[in-house]
file input-v6.cif (mmCIF, C-alpha atoms and all ligand atoms)
data_start
#
loop_
_atom_site.label_atom_id
_atom_site.label_comp_id
_atom_site.auth_asym_id
_atom_site.auth_seq_id
_atom_site.Cartn_x
_atom_site.Cartn_y
_atom_site.Cartn_z
CA MET A 1 -5.03 35.54 -8.16
CA THR A 2 -6.07 33.95 -4.89
CA ILE A 3 -4.86 30.40 -4.55
CA LYS A 4 -6.80 27.91 -2.52
CA SER A 5 -3.93 26.32 -0.65
CA GLN A 6 -5.13 22.76 -0.61
CA THR A 7 -7.70 20.69 -2.39
CA VAL A 8 -6.45 17.49 -0.88
CA GLN A 9 -5.10 16.43 2.46
CA TYR A 10 -1.45 15.77 1.75
CA GLY A 11 -0.02 14.82 5.12
CA ASN A 12 0.41 17.07 8.08
CA ILE A 13 1.75 19.86 5.94
CA LYS A 14 1.62 22.88 8.27
CA ASN A 15 5.19 24.27 8.46
CA LEU A 16 6.42 21.28 6.46
CA ALA A 17 9.33 23.14 4.85
CA THR A 18 10.59 24.49 8.18
CA TYR A 19 10.36 21.05 9.70
CA VAL A 20 12.19 19.40 6.78
CA ALA A 21 14.90 22.08 7.06
CA SER A 22 15.36 21.18 10.73
CA LEU A 23 16.04 17.54 9.70
CA LEU A 24 18.74 18.36 7.12
CA ASP A 25 22.08 20.14 7.13
CA CYS A 26 21.13 23.64 5.99
CA ASN A 27 24.32 25.42 7.09
CA ASP A 28 25.89 27.45 4.32
CA VAL A 29 23.49 26.42 1.55
CA ASP A 30 25.80 27.88 -1.12
CA ILE A 31 27.94 24.76 -0.81
CA PRO A 32 25.65 21.85 -1.80
CA LYS A 33 26.02 19.00 0.66
CA TYR A 34 23.44 16.80 -1.00
CA SER A 35 22.75 15.45 -4.47
CA ALA A 36 19.22 15.07 -5.86
CA GLN A 37 19.60 11.31 -5.41
CA ASP A 38 20.11 11.75 -1.67
CA PHE A 39 16.44 12.65 -1.33
CA SER A 40 15.18 9.93 -3.63
CA THR A 41 13.86 7.59 -0.94
CA PHE A 42 11.23 10.17 -0.01
CA ASP A 43 10.76 12.85 -2.67
CA HIS A 44 9.03 10.97 -5.52
CA LEU A 45 5.43 11.02 -4.30
CA HIS A 46 4.05 8.37 -6.63
CA SER A 47 3.93 4.61 -7.06
CA ARG A 48 7.34 2.96 -7.72
CA GLY A 49 9.12 6.15 -6.63
CA ARG A 50 12.28 7.21 -8.44
CA ALA A 51 12.29 4.10 -10.67
CA ALA A 52 9.02 5.25 -12.26
CA THR A 53 10.41 8.75 -12.83
CA ARG A 54 13.54 7.32 -14.43
CA GLU A 55 11.46 5.03 -16.67
CA LEU A 56 9.22 7.86 -17.91
CA SER A 57 12.28 10.04 -18.46
CA GLU A 58 13.56 7.48 -21.00
CA PHE A 59 10.89 8.88 -23.35
CA LEU A 60 12.09 12.47 -22.97
CA SER A 61 13.87 14.19 -25.78
CA VAL A 62 15.12 17.29 -23.99
CA HIS A 63 18.48 18.95 -24.33
CA PRO A 64 20.35 21.57 -22.34
CA GLY A 65 18.50 24.80 -22.98
CA SER A 66 15.07 23.29 -23.49
CA ASN A 67 12.42 23.78 -20.85
CA LEU A 68 10.01 21.40 -19.19
CA LEU A 69 6.98 22.01 -16.97
CA ASP A 70 6.13 19.52 -14.20
CA ILE A 71 2.47 19.94 -13.20
CA GLY A 72 1.68 18.96 -9.61
CA CYS A 73 5.41 18.80 -8.86
CA GLY A 74 4.95 17.94 -5.17
CA ILE A 75 8.20 18.40 -3.25
CA GLY A 76 10.18 18.36 -6.49
CA GLY A 77 11.71 14.88 -6.70
CA PRO A 78 10.93 14.39 -10.42
CA ALA A 79 11.92 18.00 -11.24
CA ARG A 80 15.33 17.50 -9.59
CA PHE A 81 15.85 14.15 -11.29
CA ILE A 82 15.16 15.68 -14.72
CA ALA A 83 17.13 18.90 -14.15
CA GLU A 84 20.15 16.96 -12.94
CA ARG A 85 20.06 14.27 -15.61
CA PHE A 86 19.23 16.40 -18.65
CA VAL A 87 20.75 19.73 -17.60
CA CYS A 88 17.58 21.49 -18.77
CA HIS A 89 15.35 24.17 -17.23
CA VAL A 90 12.50 22.75 -15.20
CA HIS A 91 9.45 24.65 -13.97
CA GLY A 92 7.37 22.98 -11.29
CA ILE A 93 3.91 24.10 -10.25
CA ASP A 94 1.87 22.81 -7.32
CA LEU A 95 -1.29 23.79 -5.47
CA THR A 96 0.06 22.86 -2.03
CA GLU A 97 2.09 25.81 -0.81
CA GLU A 98 4.16 23.92 1.76
CA TYR A 99 5.16 21.40 -0.91
CA CYS A 100 6.38 24.30 -3.05
CA LYS A 101 8.42 25.70 -0.15
CA THR A 102 9.85 22.26 0.58
CA ALA A 103 10.72 21.76 -3.10
CA GLU A 104 12.56 25.09 -3.11
CA LEU A 105 14.47 24.14 0.03
CA LEU A 106 15.54 20.76 -1.38
CA ASN A 107 16.48 22.36 -4.73
CA ARG A 108 18.77 24.81 -2.88
CA LEU A 109 20.32 22.08 -0.74
CA CYS A 110 21.48 20.16 -3.79
CA GLY A 111 22.45 23.20 -5.84
CA LEU A 112 19.68 22.86 -8.44
CA ASP A 113 17.78 26.04 -7.61
CA LYS A 114 19.22 27.92 -10.62
CA ARG A 115 17.85 25.27 -12.98
CA ILE A 116 14.44 24.73 -11.33
CA LYS A 117 11.75 27.34 -10.76
CA ILE A 118 8.88 26.41 -8.47
CA THR A 119 5.54 28.22 -8.61
CA HIS A 120 2.63 27.94 -6.21
CA GLY A 121 -0.36 27.71 -8.53
CA ASN A 122 -3.23 25.78 -10.00
CA ALA A 123 -2.99 23.36 -12.92
CA LEU A 124 -6.42 24.58 -14.03
CA SER A 125 -5.17 28.12 -14.54
CA LEU A 126 -1.50 27.87 -15.47
CA PRO A 127 0.32 31.19 -15.06
CA TYR A 128 2.29 30.77 -18.30
CA ASP A 129 1.92 32.18 -21.79
CA ASN A 130 0.67 30.07 -24.68
CA GLN A 131 3.35 27.83 -26.22
CA SER A 132 5.90 28.39 -23.43
CA PHE A 133 7.25 24.85 -22.99
CA ASP A 134 9.00 22.22 -25.09
CA THR A 135 7.74 19.49 -22.75
CA VAL A 136 5.00 19.07 -20.16
CA TRP A 137 5.25 16.29 -17.58
CA THR A 138 2.89 15.14 -14.84
CA GLN A 139 2.85 12.21 -12.40
CA HIS A 140 -0.03 11.19 -10.14
CA THR A 141 -1.77 14.57 -10.18
CA SER A 142 -4.71 14.14 -12.56
CA MET A 143 -6.34 11.84 -9.99
CA ASN A 144 -6.99 14.92 -7.83
CA ILE A 145 -8.48 16.96 -10.66
CA ALA A 146 -12.17 16.77 -11.51
CA ASP A 147 -12.14 19.06 -14.55
CA LYS A 148 -10.20 16.87 -16.96
CA ASN A 149 -11.04 18.99 -20.02
CA LYS A 150 -9.58 22.09 -18.43
CA PHE A 151 -6.55 20.22 -17.09
CA TYR A 152 -5.55 18.82 -20.49
CA SER A 153 -6.48 21.95 -22.44
CA GLU A 154 -4.19 24.01 -20.20
CA ILE A 155 -1.40 21.52 -20.93
CA HIS A 156 -2.10 21.84 -24.66
CA ARG A 157 -2.15 25.65 -24.45
CA VAL A 158 1.27 26.01 -22.78
CA LEU A 159 3.01 23.44 -25.01
CA LYS A 160 4.83 24.53 -28.15
CA PRO A 161 3.68 22.88 -31.42
CA GLY A 162 5.53 19.59 -31.74
CA GLY A 163 6.08 19.57 -27.96
CA MET A 164 5.77 16.40 -25.90
CA PHE A 165 3.33 15.68 -23.06
CA LEU A 166 4.37 12.81 -20.78
CA PHE A 167 2.39 11.42 -17.88
CA HIS A 168 2.39 8.63 -15.33
CA ASP A 169 -1.09 8.31 -13.87
CA ILE A 170 -3.63 5.97 -12.37
CA PHE A 171 -6.99 5.44 -14.05
CA SER A 172 -10.08 3.35 -13.38
CA SER A 173 -9.78 0.01 -15.05
CA GLU A 174 -11.34 -0.03 -18.54
CA SER A 175 -12.72 -3.51 -17.97
CA ILE A 176 -15.14 -2.24 -15.30
CA HIS A 177 -18.37 -0.70 -16.52
CA SER A 178 -20.65 0.03 -13.57
CA LYS A 179 -20.20 3.00 -11.26
CA GLU A 180 -20.54 0.76 -8.19
CA GLU A 181 -17.76 -1.55 -9.36
CA ARG A 182 -15.50 1.43 -9.99
CA GLU A 183 -15.66 2.49 -6.32
CA ILE A 184 -12.33 1.96 -4.61
CA LEU A 185 -11.17 1.39 -1.07
CA LEU A 186 -10.22 4.66 0.61
CA PRO A 187 -8.02 6.22 1.85
CA VAL A 188 -5.42 5.90 -0.90
CA PRO A 189 -2.25 8.00 -1.16
CA TRP A 190 -3.96 10.69 -3.29
CA ALA A 191 -7.32 10.83 -1.55
CA SER A 192 -8.80 10.29 1.87
CA LYS A 193 -12.38 11.07 0.84
CA PRO A 194 -14.43 10.35 -2.30
CA GLU A 195 -14.53 14.07 -3.16
CA HIS A 196 -10.70 14.10 -3.57
CA ASN A 197 -10.68 11.09 -5.86
CA HIS A 198 -11.23 11.88 -9.55
CA LEU A 199 -10.27 8.70 -11.33
CA VAL A 200 -11.66 8.13 -14.81
CA GLN A 201 -11.08 5.44 -17.38
CA GLY A 202 -8.14 5.88 -19.71
CA GLU A 203 -10.33 5.96 -22.81
CA ILE A 204 -11.85 9.26 -21.60
CA ILE A 205 -8.37 10.77 -21.43
CA ARG A 206 -7.40 9.39 -24.85
CA ASP A 207 -10.55 10.99 -26.31
CA ILE A 208 -9.88 14.36 -24.65
CA LEU A 209 -6.26 14.38 -25.81
CA GLY A 210 -7.22 13.32 -29.33
CA ASP A 211 -9.88 16.06 -29.55
CA LEU A 212 -7.32 18.64 -28.42
CA GLY A 213 -5.01 17.63 -31.26
CA PHE A 214 -2.52 15.42 -29.49
CA HIS A 215 -0.98 12.49 -31.33
CA ARG A 216 -0.54 9.36 -29.20
CA GLU A 217 3.00 7.98 -29.26
CA ILE A 218 2.97 5.69 -26.22
CA TRP A 219 0.24 4.22 -24.03
CA SER A 220 1.98 1.70 -21.81
CA ASP A 221 0.16 -0.26 -19.13
CA ILE A 222 2.44 -0.70 -16.10
CA THR A 223 -0.23 -1.96 -13.70
CA ALA A 224 1.45 -5.35 -13.14
CA GLU A 225 4.82 -3.79 -12.24
CA THR A 226 3.10 -1.35 -9.92
CA HIS A 227 1.18 -4.10 -8.17
CA LEU A 228 4.36 -6.13 -7.73
CA TRP A 229 6.16 -3.09 -6.34
CA PHE A 230 3.46 -2.56 -3.70
CA HIS A 231 3.60 -6.26 -2.93
CA ASN A 232 7.31 -5.95 -2.07
CA TYR A 233 7.10 -2.41 -0.72
CA ASN A 234 8.81 -1.88 2.60
CA THR A 235 7.00 0.93 4.39
CA ASN A 236 9.72 1.00 7.04
CA ILE A 237 12.49 1.97 4.62
CA VAL A 238 15.23 4.07 6.23
CA PRO A 239 16.07 7.20 4.23
CA THR A 240 19.72 6.98 3.20
CA ALA A 241 21.91 9.35 1.23
CA SER A 242 23.89 7.99 -1.75
CA ASP A 243 27.05 7.81 0.39
CA GLN A 244 25.10 5.46 2.72
CA LYS A 245 24.84 8.16 5.36
CA PRO A 246 21.41 7.71 7.00
CA LEU A 247 19.08 10.69 6.81
CA ALA A 248 16.57 11.57 9.54
CA LYS A 249 14.07 8.71 9.81
CA GLU A 250 11.21 11.25 9.84
CA LEU A 251 11.86 11.88 6.13
CA GLY A 252 9.38 9.28 4.94
CA PRO A 253 5.95 8.99 3.33
CA GLU A 254 4.11 9.51 6.64
CA LEU A 255 5.51 13.03 6.77
CA PHE A 256 4.68 13.93 3.17
CA ILE A 257 1.52 11.91 2.50
CA GLY A 258 -0.03 11.36 5.92
CA GLU A 259 0.32 9.51 9.20
CA ASP A 260 -1.98 6.81 7.84
CA PHE A 261 0.30 6.21 4.85
CA LYS A 262 0.59 2.45 5.52
CA LEU A 263 -3.19 2.07 5.32
CA ARG A 264 -3.28 4.19 2.15
CA ALA A 265 -0.58 2.06 0.51
CA GLN A 266 -2.33 -1.14 1.63
CA ASN A 267 -5.63 0.05 0.12
CA LEU A 268 -3.94 1.01 -3.14
CA LYS A 269 -2.39 -2.45 -3.32
CA GLN A 270 -5.81 -4.04 -2.67
CA ASN A 271 -7.48 -1.86 -5.34
CA LEU A 272 -4.82 -3.05 -7.78
CA ALA A 273 -5.35 -6.67 -6.71
CA ASP A 274 -9.10 -6.19 -7.26
CA LYS A 275 -8.32 -4.98 -10.81
CA LYS A 276 -10.09 -1.65 -10.19
CA LEU A 277 -7.13 0.45 -11.35
CA THR A 278 -4.71 0.70 -14.24
CA VAL A 279 -1.40 2.53 -14.15
CA ILE A 280 -0.36 4.13 -17.41
CA GLN A 281 2.69 5.83 -18.85
CA GLY A 282 1.60 8.04 -21.71
CA VAL A 283 3.50 10.07 -24.26
CA PHE A 284 1.62 12.40 -26.62
CA ARG A 285 2.85 14.97 -29.13
CA LYS A 286 1.11 18.27 -29.81
CA GLU A 287 0.47 18.43 -33.54
C1 LIG B 1 0.55 12.42 -5.43
S1 LIG B 1 1.26 14.02 -5.46
C2 LIG B 1 2.47 13.82 -6.76
C3 LIG B 1 3.58 14.82 -6.66
C4 LIG B 1 4.65 14.71 -7.76
N1 LIG B 1 4.07 14.74 -9.08
C5 LIG B 1 5.46 13.45 -7.61
O1 LIG B 1 5.18 12.51 -8.35
O2 LIG B 1 6.36 13.41 -6.75
C6 LIG B 1 0.00 15.00 -6.28
C7 LIG B 1 0.34 16.47 -6.32
O3 LIG B 1 -0.63 17.17 -7.10
C8 LIG B 1 -0.84 18.45 -6.52
N2 LIG B 1 -2.10 18.99 -7.04
C9 LIG B 1 -3.36 18.51 -6.83
N3 LIG B 1 -4.26 19.29 -7.47
C10 LIG B 1 -3.54 20.26 -8.11
C11 LIG B 1 -3.89 21.36 -8.93
N4 LIG B 1 -5.18 21.64 -9.22
N5 LIG B 1 -2.91 22.15 -9.39
C12 LIG B 1 -1.60 21.90 -9.09
N6 LIG B 1 -1.22 20.88 -8.32
C13 LIG B 1 -2.17 20.07 -7.83
C14 LIG B 1 -0.82 18.15 -5.03
O4 LIG B 1 -0.61 19.30 -4.26
C15 LIG B 1 0.33 17.15 -4.95
O5 LIG B 1 1.55 17.78 -4.76
#
call {"tool": "encode", "arguments": {"input": "input-v6.cif", "output": "structure tokens", "more": "lines below"}}
Ligand SMILES: C[S@@+](CC[C@H](N)C(=O)[O-])C[C@H]1O[C@@H](n2cnc3c(N)ncnc32)[C@H](O)[C@@H]1O
result
Amino acid sequence: MTIKSQTVQYGNIKNLATYVASLLDCNDVDIPKYSAQDFSTFDHLHSRGRAATRELSEFLSVHPGSNLLDIGCGIGGPARFIAERFVCHVHGIDLTEEYCKTAELLNRLCGLDKRIKITHGNALSLPYDNQSFDTVWTQHTSMNIADKNKFYSEIHRVLKPGGMFLFHDIFSSESIHSKEEREILLPVPWASKPEHNHLVQGEIIRDILGDLGFHREIWSDITAETHLWFHNYNTNIVPTASDQKPLAKELGPELFIGEDFKLRAQNLKQNLADKKLTVIQGVFRKE
């Protein structure tokens, strides 16, 4: 299968993994010098960062030995968080090849590469057999995907019966009805141009999931918390390891999302203030 390397412009990603390696201690990778948490100021590429991953993980019921798929895994922050906390097998898949390479590098550096397998691939054509996973997880990826039916039917296909699907995503606000009003300020962290932005209203997703045979367990609106977080968000945060050792200052959102990250974050905050967006945590069970 030929993979189109990028559908979206995620930062200046050429040779990203090599560059990230040059910023970290990669000598003798068999002795982990980092923990997953050491990367947490920069490796959760979604609103509210690691806190949002931790919150969604509270709904997980995984155990050592079960397996979870993270779709649109980015550079692997959520996958590492889950693999470390739940001692389970995590598969991550992402369309952006340099993100996959960077995820693999960071997994190795904190000794989680045996528990996490990263695949360069497309959410719309998942390279897994039917009913392969106990759990499917996705954060801030559906906004880049136009074909929602295919996206969610692939998730349904690879989940085992009774398996859980968890997501943390941004949708168009359900209180807005006209197409013009739904238009948002761009660029935002997931899209620089209208053709990268595929927001829909949550009710469309609930209908698709219901038609596929998912049972809704949780639909939690976390828009207010997200807005508050952006309000207090410090875009100049210094990356720091858990032992307070500072990491290279280049390891920040500008590197992974784009040089114009501050503008993107500002626009996202404004779109939230204008009540154009809702941020949802969802948990569904395959019947
Ligand atoms: C905003 S980032 C979120 C990354 C990660 N989920 C996280 O929260 O840290 C969106 C990710 O979706 C990936 N993506 C976009 N379209 C995709 C597709 N069709 N298949 C797989 N990944 C895709 C992008 O490459 C990017 O890594």
call {"tool": "residues_near_ligand", "arguments": {"input": "input-v6.cif", "ligand": "ligand LIG 1 (chain B)", "cutoff": "9 Å", "atoms": "only C-alpha atoms and all ligand atoms", "output": "MDAnalysis selection string"}}
result
chainID A and resid 5:10 42:47 49:50 53 70:79 93:100 120:126 137:146 151 168 189:191 257
call {"tool": "residues_around", "arguments": {"input": "input-v6.cif", "residues": "Lys179 in chain A", "least_positions_apart": "4", "cutoff": "12 Å", "atoms": "all atoms listed in the file", "output": "PyMOL selection string"}}
result
chain A and resi 172-175+183-184+199-201+276
call {"tool": "atom_distance", "arguments": {"input": "input-v6.cif", "atom1": "CA of Phe256 in chain A", "atom2": "CA of Leu112 in chain A"}}
result
21.0 Å
call {"tool": "atom_distance", "arguments": {"input": "input-v6.cif", "atom1": "CA of Gln37 in chain A", "atom2": "CA of Tyr19 in chain A"}}
result
20.2 Å
call {"tool": "atom_distance", "arguments": {"input": "input-v6.cif", "atom1": "CA of Phe261 in chain A", "atom2": "CA of Val188 in chain A"}}
result
8.1 Å
call {"tool": "residues_around", "arguments": {"input": "input-v6.cif", "residues": "range 158-160 of chain A", "least_positions_apart": "5", "cutoff": "6 Å", "atoms": "only C-alpha atoms", "output": "compact mmCIF listing (two decimals) with C-alpha atoms, in the coordinates of the input"}}
result
# COMPACT_ATOMS: atom_id res chain seq x y z
CA ASN A 130 0.67 30.07 -24.68
CA GLN A 131 3.35 27.83 -26.22
CA SER A 132 5.90 28.39 -23.43
CA PHE A 133 7.25 24.85 -22.99
CA ASP A 134 9.00 22.22 -25.09
call {"tool": "residues_around", "arguments": {"input": "input-v6.cif", "residues": "Ser220 in chain A", "least_positions_apart": "6", "cutoff": "9 Å", "atoms": "all atoms listed in the file", "output": "PyMOL selection string"}}
result
chain A and resi 279-283
call {"tool": "closest_residue", "arguments": {"input": "input-v6.cif", "among": "A:Arg285, A:Lys148, A:Lys193, A:Arg264", "to": "Gly213 in chain A", "atoms": "only C-alpha atoms"}}
result
A:Arg285
call {"tool": "closest_residue", "arguments": {"input": "input-v6.cif", "among": "A:Asp147, A:His215, A:Ala51, A:Arg157", "to": "His198 in chain A", "atoms": "all atoms listed in the file"}}
result
A:Asp147
call {"tool": "residues_around", "arguments": {"input": "input-v6.cif", "residues": "range 225-232 of chain A", "least_positions_apart": "6", "cutoff": "7 Å", "atoms": "all atoms listed in the file", "output": "mmCIF file with C-alpha atoms, in the frame of the given file"}}
result
data_model
loop_
_atom_site.group_PDB
_atom_site.id
_atom_site.type_symbol
_atom_site.label_atom_id
_atom_site.label_comp_id
_atom_site.auth_asym_id
_atom_site.auth_seq_id
_atom_site.Cartn_x
_atom_site.Cartn_y
_atom_site.Cartn_z
ATOM 1 C CA SER A 47 3.930 4.610 -7.060
ATOM 2 C CA ARG A 48 7.340 2.960 -7.720
ATOM 3 C CA LYS A 269 -2.390 -2.450 -3.320
ATOM 4 C CA LEU A 272 -4.820 -3.050 -7.780
#
call {"tool": "closest_residue", "arguments": {"input": "input-v6.cif", "among": "A:Phe81, A:Phe86, A:Trp219, A:Phe214", "to": "Ser66 in chain A", "atoms": "all atoms listed in the file"}}
result
A:Phe86
call {"tool": "closest_residue", "arguments": {"input": "input-v6.cif", "among": "A:Thr135, A:Arg85, A:Arg115, A:Glu104", "to": "Thr18 in chain A", "atoms": "all atoms listed in the file"}}
result
A:Glu104
call {"tool": "closest_residue", "arguments": {"input": "input-v6.cif", "among": "A:Lys101, A:His89, A:Lys114, A:His63", "to": "Leu16 in chain A", "atoms": "all atoms listed in the file"}}
result
A:Lys101
call {"tool": "closest_residue", "arguments": {"input": "input-v6.cif", "among": "A:Ala17, A:Cys110, A:Leu185, A:Cys26", "to": "Glu84 in chain A", "atoms": "only C-alpha atoms"}}
result
A:Cys110
